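model-v3.cif follows; it contains mmCIF, C-alpha atoms and all ligand atoms.
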```cif
data_input
#
loop_
_atom_site.label_atom_id
_atom_site.label_comp_id
_atom_site.auth_asym_id
_atom_site.auth_seq_id
_atom_site.Cartn_x
_atom_site.Cartn_y
_atom_site.Cartn_z
CA MET Y 20 218.15 194.29 55.39
CA GLU Y 21 219.89 192.89 58.45
CA HIS Y 22 218.92 189.28 58.50
CA ASP Y 23 219.84 185.86 59.69
CA TRP Y 24 219.34 184.39 56.26
CA MET Y 25 218.90 180.66 55.81
CA GLN Y 26 219.74 178.73 52.68
CA VAL Y 27 216.90 176.64 51.35
CA LYS Y 28 216.10 174.76 48.19
CA VAL Y 29 212.92 174.67 46.13
CA THR Y 30 211.87 171.03 46.29
CA ARG Y 31 208.50 171.37 44.56
CA LYS Y 32 206.73 173.93 42.40
CA GLU Y 33 203.08 173.48 41.49
CA ILE Y 34 200.31 175.43 39.89
CA ALA Y 35 197.86 176.01 42.73
CA ALA Y 36 195.28 177.91 40.64
CA GLU Y 37 195.15 180.18 37.62
CA GLY Y 38 197.89 182.74 38.30
CA VAL Y 39 199.07 181.11 41.53
CA VAL Y 40 202.07 178.85 42.03
CA SER Y 41 203.04 177.17 45.26
CA PHE Y 42 206.57 176.31 46.33
CA GLU Y 43 207.81 173.75 48.81
CA LEU Y 44 211.07 174.84 50.43
CA ARG Y 45 213.46 172.63 52.42
CA ALA Y 46 216.72 173.43 54.19
CA ALA Y 47 219.75 173.19 51.90
CA ASP Y 48 221.29 170.69 54.35
CA ALA Y 49 217.97 168.78 54.50
CA GLY Y 50 217.81 169.43 58.26
CA PRO Y 51 214.90 170.82 60.26
CA LEU Y 52 213.71 174.38 59.71
CA PRO Y 53 212.86 176.81 62.54
CA GLU Y 54 209.45 176.22 64.08
CA PHE Y 55 206.63 178.55 63.14
CA SER Y 56 203.10 179.30 64.28
CA ALA Y 57 199.97 179.72 62.16
CA GLY Y 58 199.88 183.17 60.54
CA SER Y 59 203.68 183.43 60.18
CA HIS Y 60 205.43 184.78 57.12
CA ILE Y 61 208.98 184.62 55.82
CA ASP Y 62 211.10 187.01 53.80
CA VAL Y 63 212.16 185.44 50.52
CA GLU Y 64 215.00 186.78 48.40
CA LEU Y 65 213.75 186.22 44.86
CA PRO Y 66 215.98 185.47 41.86
CA ASN Y 67 215.76 189.10 40.70
CA GLY Y 68 217.12 190.30 44.07
CA MET Y 69 213.81 191.61 45.46
CA VAL Y 70 212.84 190.59 48.97
CA ARG Y 71 209.16 189.81 49.45
CA GLN Y 72 207.08 188.46 52.32
CA TYR Y 73 205.04 185.30 51.92
CA SER Y 74 202.82 183.61 54.48
CA LEU Y 75 203.54 180.00 55.30
CA CYS Y 76 200.61 177.84 54.28
CA ASN Y 77 201.62 174.34 55.32
CA PRO Y 78 200.54 172.93 58.71
CA SER Y 79 202.57 174.56 61.48
CA HIS Y 80 203.60 171.23 63.01
CA GLU Y 81 205.76 170.50 59.95
CA HIS Y 82 209.41 171.27 60.67
CA ASP Y 83 211.07 169.89 57.58
CA GLN Y 84 209.48 172.16 54.98
CA TYR Y 85 207.81 175.49 54.37
CA GLU Y 86 205.17 176.08 51.75
CA ILE Y 87 204.39 179.44 50.19
CA ALA Y 88 202.06 180.46 47.37
CA VAL Y 89 202.61 183.40 45.03
CA LEU Y 90 199.97 185.20 42.98
CA LEU Y 91 201.27 186.64 39.72
CA ASP Y 92 200.75 190.41 39.91
CA THR Y 93 201.20 191.69 36.39
CA THR Y 94 201.06 195.31 37.57
CA GLY Y 95 203.51 194.85 40.44
CA ARG Y 96 207.20 195.66 40.63
CA GLY Y 97 208.38 192.28 39.40
CA GLY Y 98 208.65 190.23 42.59
CA SER Y 99 205.87 187.80 41.78
CA ARG Y 100 206.94 187.53 38.13
CA SER Y 101 210.43 186.59 39.23
CA ALA Y 102 208.98 183.86 41.48
CA HIS Y 103 206.74 182.54 38.72
CA GLU Y 104 209.26 182.62 35.90
CA GLN Y 105 212.68 182.24 37.49
CA LEU Y 106 212.22 180.19 40.64
CA MET Y 107 212.45 176.56 39.59
CA PRO Y 108 212.63 173.23 41.44
CA GLY Y 109 216.20 172.66 42.61
CA ALA Y 110 216.92 176.40 42.90
CA ALA Y 111 218.77 177.61 45.98
CA LEU Y 112 217.50 180.73 47.67
CA ARG Y 113 217.76 182.69 50.89
CA ILE Y 114 214.90 183.15 53.31
CA GLY Y 115 214.50 184.81 56.68
CA ALA Y 116 213.27 183.05 59.80
CA PRO Y 117 209.49 182.96 60.27
CA ARG Y 118 207.92 185.97 61.95
CA ASN Y 119 204.33 186.30 63.06
CA HIS Y 120 202.33 189.54 63.18
CA PHE Y 121 199.08 187.67 62.61
CA ALA Y 122 198.97 185.09 65.35
CA LEU Y 123 195.94 183.17 66.57
CA VAL Y 124 194.80 184.00 70.08
CA ALA Y 125 192.98 181.63 72.40
CA ALA Y 126 189.24 182.10 71.86
CA ARG Y 127 185.99 180.23 72.24
CA ARG Y 128 185.31 180.73 68.56
CA SER Y 129 187.24 182.02 65.53
CA ILE Y 130 185.98 183.31 62.19
CA LEU Y 131 188.49 183.13 59.32
CA LEU Y 132 187.89 185.24 56.21
CA ALA Y 133 190.16 184.87 53.19
CA GLY Y 134 190.09 186.84 49.95
CA GLY Y 135 192.06 185.40 47.01
CA ILE Y 136 195.71 184.69 47.78
CA GLY Y 137 195.05 185.94 51.33
CA VAL Y 138 194.05 182.33 51.95
CA THR Y 139 197.66 181.35 52.69
CA PRO Y 140 197.88 182.31 56.40
CA ILE Y 141 194.17 181.54 56.85
CA LEU Y 142 194.69 177.99 55.62
CA CYS Y 143 197.48 177.47 58.12
CA MET Y 144 195.16 178.83 60.86
CA ALA Y 145 192.37 176.43 59.85
CA GLU Y 146 194.80 173.52 60.10
CA ARG Y 147 195.93 174.67 63.53
CA LEU Y 148 192.43 175.27 64.90
CA THR Y 149 191.48 171.80 63.70
CA GLU Y 150 194.52 170.27 65.42
CA THR Y 151 193.59 171.98 68.68
CA ASP Y 152 189.93 171.01 68.31
CA SER Y 153 188.85 174.66 68.39
CA GLU Y 154 185.56 175.98 67.09
CA PHE Y 155 185.83 177.99 63.87
CA GLU Y 156 184.32 178.72 60.51
CA MET Y 157 186.16 179.79 57.39
CA HIS Y 158 184.94 181.76 54.39
CA TYR Y 159 187.03 181.87 51.25
CA CYS Y 160 186.15 184.45 48.60
CA SER Y 161 187.67 184.45 45.14
CA ARG Y 162 186.89 185.52 41.64
CA SER Y 163 186.12 182.07 40.23
CA LEU Y 164 186.77 178.42 40.97
CA ALA Y 165 189.66 178.38 38.47
CA ARG Y 166 191.41 181.17 40.38
CA THR Y 167 190.93 179.57 43.80
CA ALA Y 168 194.09 178.03 45.22
CA PHE Y 169 194.08 174.89 47.38
CA VAL Y 170 190.49 173.86 46.61
CA GLN Y 171 191.32 170.13 46.60
CA ARG Y 172 193.41 170.40 49.72
CA ILE Y 173 190.55 172.12 51.55
CA ARG Y 174 187.87 169.77 50.23
CA SER Y 175 189.83 166.71 51.34
CA SER Y 176 190.83 168.20 54.71
CA ALA Y 177 189.44 167.33 58.12
CA PHE Y 178 187.93 170.83 58.28
CA SER Y 179 186.20 170.87 54.89
CA GLY Y 180 182.79 171.02 56.58
CA ARG Y 181 183.71 174.33 58.21
CA VAL Y 182 184.64 176.08 54.95
CA ARG Y 183 182.35 178.00 52.63
CA PHE Y 184 183.59 179.06 49.20
CA HIS Y 185 182.23 182.27 47.68
CA PHE Y 186 182.89 182.95 44.00
CA ASP Y 187 182.42 186.38 42.41
CA ASP Y 188 181.10 184.71 39.25
CA GLY Y 189 178.73 182.40 41.16
CA ASN Y 190 175.05 182.90 41.92
CA ASP Y 191 173.89 185.33 44.57
CA ALA Y 192 172.94 182.61 47.04
CA GLN Y 193 176.59 181.61 47.56
CA LYS Y 194 178.00 185.16 47.86
CA LEU Y 195 179.51 186.14 51.20
CA ASP Y 196 176.95 187.83 53.44
CA THR Y 197 179.46 189.67 55.59
CA ARG Y 198 176.89 191.13 57.94
CA ALA Y 199 175.37 187.71 58.61
CA VAL Y 200 178.76 186.08 59.22
CA LEU Y 201 179.80 188.86 61.61
CA ALA Y 202 176.37 189.34 63.20
CA ALA Y 203 177.30 188.12 66.69
CA PRO Y 204 180.41 189.86 68.04
CA SER Y 205 181.43 188.74 71.49
CA ALA Y 206 184.47 189.08 73.74
CA ASP Y 207 185.51 185.47 73.13
CA THR Y 208 185.05 185.42 69.35
CA HIS Y 209 187.98 186.52 67.21
CA LEU Y 210 188.00 187.47 63.54
CA TYR Y 211 190.96 186.95 61.19
CA VAL Y 212 190.95 188.49 57.73
CA CYS Y 213 193.50 188.47 54.94
CA GLY Y 214 193.08 189.43 51.31
CA PRO Y 215 193.12 192.37 48.91
CA LYS Y 216 192.78 195.80 50.48
CA GLY Y 217 189.21 196.42 49.27
CA PHE Y 218 188.05 193.09 50.67
CA MET Y 219 189.76 193.69 53.99
CA ASP Y 220 188.51 197.26 54.32
CA HIS Y 221 184.97 196.02 53.68
CA VAL Y 222 185.23 193.23 56.27
CA ILE Y 223 186.91 195.38 58.91
CA LEU Y 224 184.49 198.30 58.48
CA THR Y 225 181.51 195.95 58.59
CA ALA Y 226 182.83 194.30 61.74
CA LYS Y 227 183.36 197.66 63.43
CA SER Y 228 179.89 198.85 62.42
CA LEU Y 229 178.42 195.71 64.01
CA GLY Y 230 180.16 196.39 67.30
CA TRP Y 231 183.28 194.24 67.05
CA SER Y 232 186.04 195.62 69.23
CA GLU Y 233 189.35 196.36 67.56
CA GLY Y 234 191.18 193.86 69.76
CA ASN Y 235 189.08 191.02 68.35
CA ILE Y 236 189.77 191.90 64.70
CA HIS Y 237 193.06 190.56 63.37
CA TYR Y 238 194.25 191.26 59.87
CA GLU Y 239 197.25 191.16 57.61
CA TYR Y 240 197.68 192.94 54.31
CA PHE Y 241 199.85 191.13 51.84
CA ALA Y 242 200.61 193.98 49.47
CA GLY Y 243 200.89 197.70 49.76
CA ALA Y 244 197.98 199.79 48.59
CA GLU Y 245 198.33 202.39 45.89
CA LEU Y 246 198.68 205.82 47.45
CA ASP Y 247 197.80 209.25 46.21
CA ARG Y 248 201.14 211.07 46.41
CA SER Y 249 200.02 214.29 44.71
CA ARG Y 250 199.89 216.20 48.00
CA ASP Y 251 203.19 214.96 49.41
CA SER Y 252 205.42 217.78 50.59
CA ARG Y 253 208.94 218.11 51.91
CA PHE Y 254 209.75 217.92 55.62
CA GLU Y 255 212.75 217.27 57.83
CA VAL Y 256 213.77 214.47 60.13
CA LYS Y 257 216.12 215.01 63.03
CA LEU Y 258 218.22 212.22 64.51
CA ALA Y 259 217.76 212.44 68.27
CA SER Y 260 221.22 211.06 69.04
CA THR Y 261 223.25 213.58 67.05
CA GLY Y 262 220.80 216.38 66.27
CA GLN Y 263 221.54 215.95 62.55
CA LEU Y 264 218.78 217.43 60.36
CA ILE Y 265 217.98 215.54 57.17
CA PRO Y 266 215.63 216.97 54.55
CA VAL Y 267 213.12 214.61 52.93
CA ALA Y 268 212.16 215.76 49.44
CA ARG Y 269 208.55 215.44 48.29
CA ASP Y 270 209.44 212.58 45.93
CA GLN Y 271 211.69 210.80 48.41
CA SER Y 272 210.92 208.35 51.22
CA VAL Y 273 212.38 208.87 54.68
CA ILE Y 274 214.46 205.72 54.15
CA GLN Y 275 215.87 207.14 50.90
CA ALA Y 276 216.71 210.44 52.60
CA LEU Y 277 218.39 208.67 55.52
CA THR Y 278 220.36 206.37 53.21
CA ALA Y 279 221.52 209.35 51.15
CA HIS Y 280 223.02 210.75 54.35
CA GLY Y 281 224.73 207.49 55.29
CA VAL Y 282 222.13 206.41 57.85
CA GLU Y 283 221.33 202.73 57.34
CA VAL Y 284 217.94 201.45 58.47
CA PRO Y 285 216.89 197.79 58.05
CA VAL Y 286 214.28 197.59 55.32
CA SER Y 287 212.43 194.83 53.57
CA CYS Y 288 208.99 195.20 51.95
CA GLU Y 289 209.19 199.00 51.43
CA GLN Y 290 205.40 199.00 51.42
CA GLY Y 291 204.48 199.37 55.08
CA VAL Y 292 203.51 195.73 55.43
CA CYS Y 293 206.28 193.89 57.27
CA GLY Y 294 207.34 196.19 60.13
CA THR Y 295 211.08 195.68 59.53
CA CYS Y 296 211.86 199.40 59.32
CA VAL Y 297 209.79 200.61 62.32
CA MET Y 298 211.34 203.59 64.16
CA ARG Y 299 210.34 205.40 67.31
CA VAL Y 300 209.08 208.97 66.96
CA ILE Y 301 210.08 211.33 69.75
CA GLU Y 302 208.54 214.53 68.42
CA GLY Y 303 206.30 215.50 65.51
CA ILE Y 304 203.28 213.87 63.87
CA PRO Y 305 203.81 211.05 61.38
CA ASP Y 306 201.59 210.73 58.31
CA HIS Y 307 201.02 206.99 58.56
CA ARG Y 308 200.88 205.20 55.22
CA ASP Y 309 201.51 201.64 56.44
CA MET Y 310 199.24 198.67 56.96
CA TYR Y 311 201.37 197.25 59.74
CA PHE Y 312 200.09 199.15 62.77
CA THR Y 313 196.55 199.11 64.15
CA ASP Y 314 194.40 202.26 64.27
CA ALA Y 315 195.20 202.62 67.98
CA GLU Y 316 198.93 202.34 67.31
CA HIS Y 317 198.66 204.95 64.56
CA ALA Y 318 196.83 207.28 66.92
CA ALA Y 319 199.63 206.95 69.49
CA ASN Y 320 202.01 208.51 66.91
CA ASP Y 321 205.06 207.19 68.73
CA ARG Y 322 206.28 204.83 66.00
CA PHE Y 323 206.19 204.94 62.22
CA THR Y 324 207.40 203.09 59.13
CA PRO Y 325 209.98 205.28 57.34
CA CYS Y 326 209.81 203.14 54.19
CA CYS Y 327 206.45 204.65 53.22
CA SER Y 328 205.09 206.93 55.94
CA ARG Y 329 205.79 210.65 55.93
CA ALA Y 330 205.14 213.58 58.29
CA LYS Y 331 202.20 215.87 58.92
CA SER Y 332 204.45 218.19 60.90
CA ALA Y 333 207.39 220.08 59.39
CA LEU Y 334 209.80 218.12 61.57
CA LEU Y 335 209.94 214.56 62.88
CA VAL Y 336 212.46 213.77 65.60
CA ILE Y 337 213.31 210.08 65.40
CA ASP Y 338 214.99 207.82 67.92
CA PHE Y 339 218.18 207.08 66.06
FE1 LIG V 401 208.35 196.73 55.61
FE2 LIG V 401 208.87 199.28 56.18
S1 LIG V 401 210.16 197.86 55.26
S2 LIG V 401 207.17 198.15 56.78
#
```

What does the file become when written as structure tokens?
Amino acid sequence: MEHDWMQVKVTRKEIAAEGVVSFELRAADAGPLPEFSAGSHIDVELPNGMVRQYSLCNPSHEHDQYEIAVLLDTTGRGGSRSAHEQLMPGAALRIGAPRNHFALVAARRSILLAGGIGVTPILCMAERLTETDSEFEMHYCSRSLARTAFVQRIRSSAFSGRVRFHFDDGNDAQKLDTRAVLAAPSADTHLYVCGPKGFMDHVILTAKSLGWSEGNIHYEYFAGAELDRSRDSRFEVKLASTGQLIPVARDQSVIQALTAHGVEVPVSCEQGVCGTCVMRVIEGIPDHRDMYFTDAEHAANDRFTPCCSRAKSALLVIDF
């Protein structure tokens, strides 16, 4: 990927919960790091060479360090295992500058919903809303207390009274009542949700069914969903600048097809999460498979993520 990489050093590694480790990163020259806002993430080049996105979870006024937390995904492609097993205190690594696709907007009231490791950007938001004396409530769902990261940090924070924990293995009385939490949509109340896909789909669908407008629902997926690829078929992409036609085989991504023909496109997550690869579509209908764009942006069909999205039409003309 084209990047302005920065060299940083791991200055602390801690177990944040069962299956979760957190890392403190500081600039290799011990200088300040670029500023970031709540909800930002960074690209991290892991020891095994994979690049993954992690939300920053330290308070956004801190300029001398970044903190990230990584959940071990034993079924994943090895990124989280590399972080857990190979990334040690003192290690040098490359990261990208913070980017934010999940920013807080000014609102009378905010509702923050975190599922599992999705707490990382939400935690940073809670810190920020507290700093700005803004009204909010936070709900943090996880499987069990042992698997819940940052419990002590939250309980000893200035905003602890605004946070409710909900454990899957707890009694019914403490379970998240999504409909009750989202019962009062209004133009000046904004909802932020981050967590596993099932959790997010449930929250977003519930919000929509209760009358929340799309513009007031903010979300960020942290991992690509499994897709059914059994009906994938071949199609062609055409480069608008040269007219070159490039076939995309049924078992090939658009990025792979472009690369095979010498066309380099910046790419990072390869899962439709980060937006690095976004291209403009001039003609044809994309088959959107990403979690980066909103429903309205998907419906516009004028941009797509070639790392994972395909085509519903036989031909896609792309702005390249
Ligand atoms: Fe991340 Fe395509 S590379 S969305």

Selection: 12 Å around Asp196 (chain Y), only C-alpha atoms, excl. self and same-chain fewer than 6 positions, as number ranges by chain: Y: 132, 158-160, 183-185, 202, 221-222, 225

Cys143 (chain Y) surroundings by only C-alpha atoms, 12 Å radius, close-in-sequence under 5 positions cut, as a PyMOL selection string: chain Y and resi 55-60+74-81+85-87+121-123+131+133+137-138+148-150+157+169+172-173+176+178+211

Distance criterion (only C-alpha atoms): nearest to Gln72 (chain Y) out of Y:Pro51, Y:Gly98, Y:Gly230, Y:Pro204: Y:Gly98

Expected answer as a ChimeraX atom specification: residues within 12 Å of ligand LIG 401 (chain V), all atoms listed in the file: /Y:20-21,62,70-72,120,240-243,272-275,284-298,307-312,322-329

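Ranking Y:Thr313, Y:Glu64, Y:Ala111, Y:Arg96 by their shortest atom-to-atom distance to Gln26 (chain Y), with all atoms listed in the file included, puts Y:Ala111 first.
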
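Among the candidate residues Y:Glu37, Y:Asp207, Y:Asp92, Y:Glu302, the one lying nearest to Leu258 (chain Y) is Y:Glu302, with distances computed using all atoms listed in the file.
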
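Here CA of Asn320 (chain Y) is placed at a distance of 17.6 Å from CA of Glu233 (chain Y).
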
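If you measure from each of Y:Leu201, Y:Phe155, Y:Ser163, Y:Val63 to Gly180 (chain Y) using only C-alpha atoms, the closest one turns out to be Y:Phe155.
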
10 Å contact set for Ala168 (chain Y), all atoms listed in the file, chain neighbours under 3 positions out, as a PyMOL selection string: chain Y and resi 34-41+88+90+135-136+138-139+161+164-165+171-173

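The shortest atom-to-atom distance to Ala177 (chain Y), with only C-alpha atoms taken into account, belongs to Y:Arg147 out of Y:Arg147, Y:Ala203, Y:Pro266, Y:Arg162.
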
Save region 28-52 of chain Y from what I just supplied, as a PDB file, in the first residue's frame, atoms limited to N, CA and C atoms.
```pdb
ATOM      1  N   LYS Y  28       7.870   2.123  18.286  1.00  0.00           N
ATOM      2  CA  LYS Y  28       8.405   1.048  19.118  1.00  0.00           C
ATOM      3  C   LYS Y  28       7.310   0.596  20.084  1.00  0.00           C
ATOM      4  N   VAL Y  29       7.248  -0.688  20.340  1.00  0.00           N
ATOM      5  CA  VAL Y  29       6.319  -1.191  21.362  1.00  0.00           C
ATOM      6  C   VAL Y  29       6.948  -0.894  22.723  1.00  0.00           C
ATOM      7  N   THR Y  30       6.280  -0.070  23.515  1.00  0.00           N
ATOM      8  CA  THR Y  30       6.858   0.284  24.817  1.00  0.00           C
ATOM      9  C   THR Y  30       6.148  -0.432  25.968  1.00  0.00           C
ATOM     10  N   ARG Y  31       5.020  -1.074  25.667  1.00  0.00           N
ATOM     11  CA  ARG Y  31       4.336  -1.849  26.706  1.00  0.00           C
ATOM     12  C   ARG Y  31       3.421  -2.857  26.024  1.00  0.00           C
ATOM     13  N   LYS Y  32       3.346  -4.037  26.608  1.00  0.00           N
ATOM     14  CA  LYS Y  32       2.411  -5.054  26.116  1.00  0.00           C
ATOM     15  C   LYS Y  32       1.752  -5.653  27.338  1.00  0.00           C
ATOM     16  N   GLU Y  33       0.430  -5.647  27.368  1.00  0.00           N
ATOM     17  CA  GLU Y  33      -0.274  -6.156  28.552  1.00  0.00           C
ATOM     18  C   GLU Y  33      -1.424  -7.046  28.140  1.00  0.00           C
ATOM     19  N   ILE Y  34      -1.770  -7.957  29.014  1.00  0.00           N
ATOM     20  CA  ILE Y  34      -2.983  -8.741  28.785  1.00  0.00           C
ATOM     21  C   ILE Y  34      -4.153  -7.887  29.263  1.00  0.00           C
ATOM     22  N   ALA Y  35      -5.053  -7.581  28.336  1.00  0.00           N
ATOM     23  CA  ALA Y  35      -6.181  -6.703  28.686  1.00  0.00           C
ATOM     24  C   ALA Y  35      -7.404  -7.522  29.085  1.00  0.00           C
ATOM     25  N   ALA Y  36      -7.455  -8.762  28.669  1.00  0.00           N
ATOM     26  CA  ALA Y  36      -8.546  -9.689  29.012  1.00  0.00           C
ATOM     27  C   ALA Y  36      -8.150 -11.039  28.424  1.00  0.00           C
ATOM     28  N   GLU Y  37      -8.951 -12.047  28.702  1.00  0.00           N
ATOM     29  CA  GLU Y  37      -8.687 -13.353  28.100  1.00  0.00           C
ATOM     30  C   GLU Y  37      -8.719 -13.203  26.572  1.00  0.00           C
ATOM     31  N   GLY Y  38      -7.617 -13.505  25.917  1.00  0.00           N
ATOM     32  CA  GLY Y  38      -7.579 -13.425  24.457  1.00  0.00           C
ATOM     33  C   GLY Y  38      -7.326 -12.039  23.894  1.00  0.00           C
ATOM     34  N   VAL Y  39      -7.091 -11.061  24.748  1.00  0.00           N
ATOM     35  CA  VAL Y  39      -6.867  -9.690  24.263  1.00  0.00           C
ATOM     36  C   VAL Y  39      -5.563  -9.150  24.848  1.00  0.00           C
ATOM     37  N   VAL Y  40      -4.696  -8.646  23.991  1.00  0.00           N
ATOM     38  CA  VAL Y  40      -3.504  -7.951  24.484  1.00  0.00           C
ATOM     39  C   VAL Y  40      -3.555  -6.502  24.008  1.00  0.00           C
ATOM     40  N   SER Y  41      -3.027  -5.622  24.847  1.00  0.00           N
ATOM     41  CA  SER Y  41      -2.950  -4.219  24.437  1.00  0.00           C
ATOM     42  C   SER Y  41      -1.482  -3.851  24.281  1.00  0.00           C
ATOM     43  N   PHE Y  42      -1.243  -2.911  23.381  1.00  0.00           N
ATOM     44  CA  PHE Y  42       0.116  -2.460  23.094  1.00  0.00           C
ATOM     45  C   PHE Y  42       0.167  -0.945  23.205  1.00  0.00           C
ATOM     46  N   GLU Y  43       1.206  -0.467  23.858  1.00  0.00           N
ATOM     47  CA  GLU Y  43       1.488   0.970  23.849  1.00  0.00           C
ATOM     48  C   GLU Y  43       2.602   1.185  22.831  1.00  0.00           C
ATOM     49  N   LEU Y  44       2.390   2.134  21.931  1.00  0.00           N
ATOM     50  CA  LEU Y  44       3.365   2.416  20.874  1.00  0.00           C
ATOM     51  C   LEU Y  44       3.851   3.850  21.013  1.00  0.00           C
ATOM     52  N   ARG Y  45       5.154   4.047  20.883  1.00  0.00           N
ATOM     53  CA  ARG Y  45       5.727   5.400  20.922  1.00  0.00           C
ATOM     54  C   ARG Y  45       6.637   5.577  19.716  1.00  0.00           C
ATOM     55  N   ALA Y  46       6.827   6.814  19.299  1.00  0.00           N
ATOM     56  CA  ALA Y  46       7.681   7.098  18.136  1.00  0.00           C
ATOM     57  C   ALA Y  46       9.094   6.583  18.402  1.00  0.00           C
ATOM     58  N   ALA Y  47       9.717   6.054  17.360  1.00  0.00           N
ATOM     59  CA  ALA Y  47      11.068   5.501  17.517  1.00  0.00           C
ATOM     60  C   ALA Y  47      12.035   6.567  18.017  1.00  0.00           C
ATOM     61  N   ASP Y  48      11.789   7.850  17.632  1.00  0.00           N
ATOM     62  CA  ASP Y  48      12.683   8.920  18.085  1.00  0.00           C
ATOM     63  C   ASP Y  48      12.169   9.571  19.368  1.00  0.00           C
ATOM     64  N   ALA Y  49      11.164   8.945  19.988  1.00  0.00           N
ATOM     65  CA  ALA Y  49      10.566   9.405  21.247  1.00  0.00           C
ATOM     66  C   ALA Y  49       9.885  10.768  21.116  1.00  0.00           C
ATOM     67  N   GLY Y  50       9.690  11.245  19.909  1.00  0.00           N
ATOM     68  CA  GLY Y  50       9.035  12.534  19.682  1.00  0.00           C
ATOM     69  C   GLY Y  50       7.521  12.389  19.694  1.00  0.00           C
ATOM     70  N   PRO Y  51       6.816  13.504  19.415  1.00  0.00           N
ATOM     71  CA  PRO Y  51       5.348  13.427  19.389  1.00  0.00           C
ATOM     72  C   PRO Y  51       4.849  12.640  18.183  1.00  0.00           C
ATOM     73  N   LEU Y  52       3.687  12.074  18.319  1.00  0.00           N
ATOM     74  CA  LEU Y  52       3.038  11.355  17.221  1.00  0.00           C
ATOM     75  C   LEU Y  52       1.950  12.265  16.633  1.00  0.00           C
TER      76      LEU Y  52
END
```
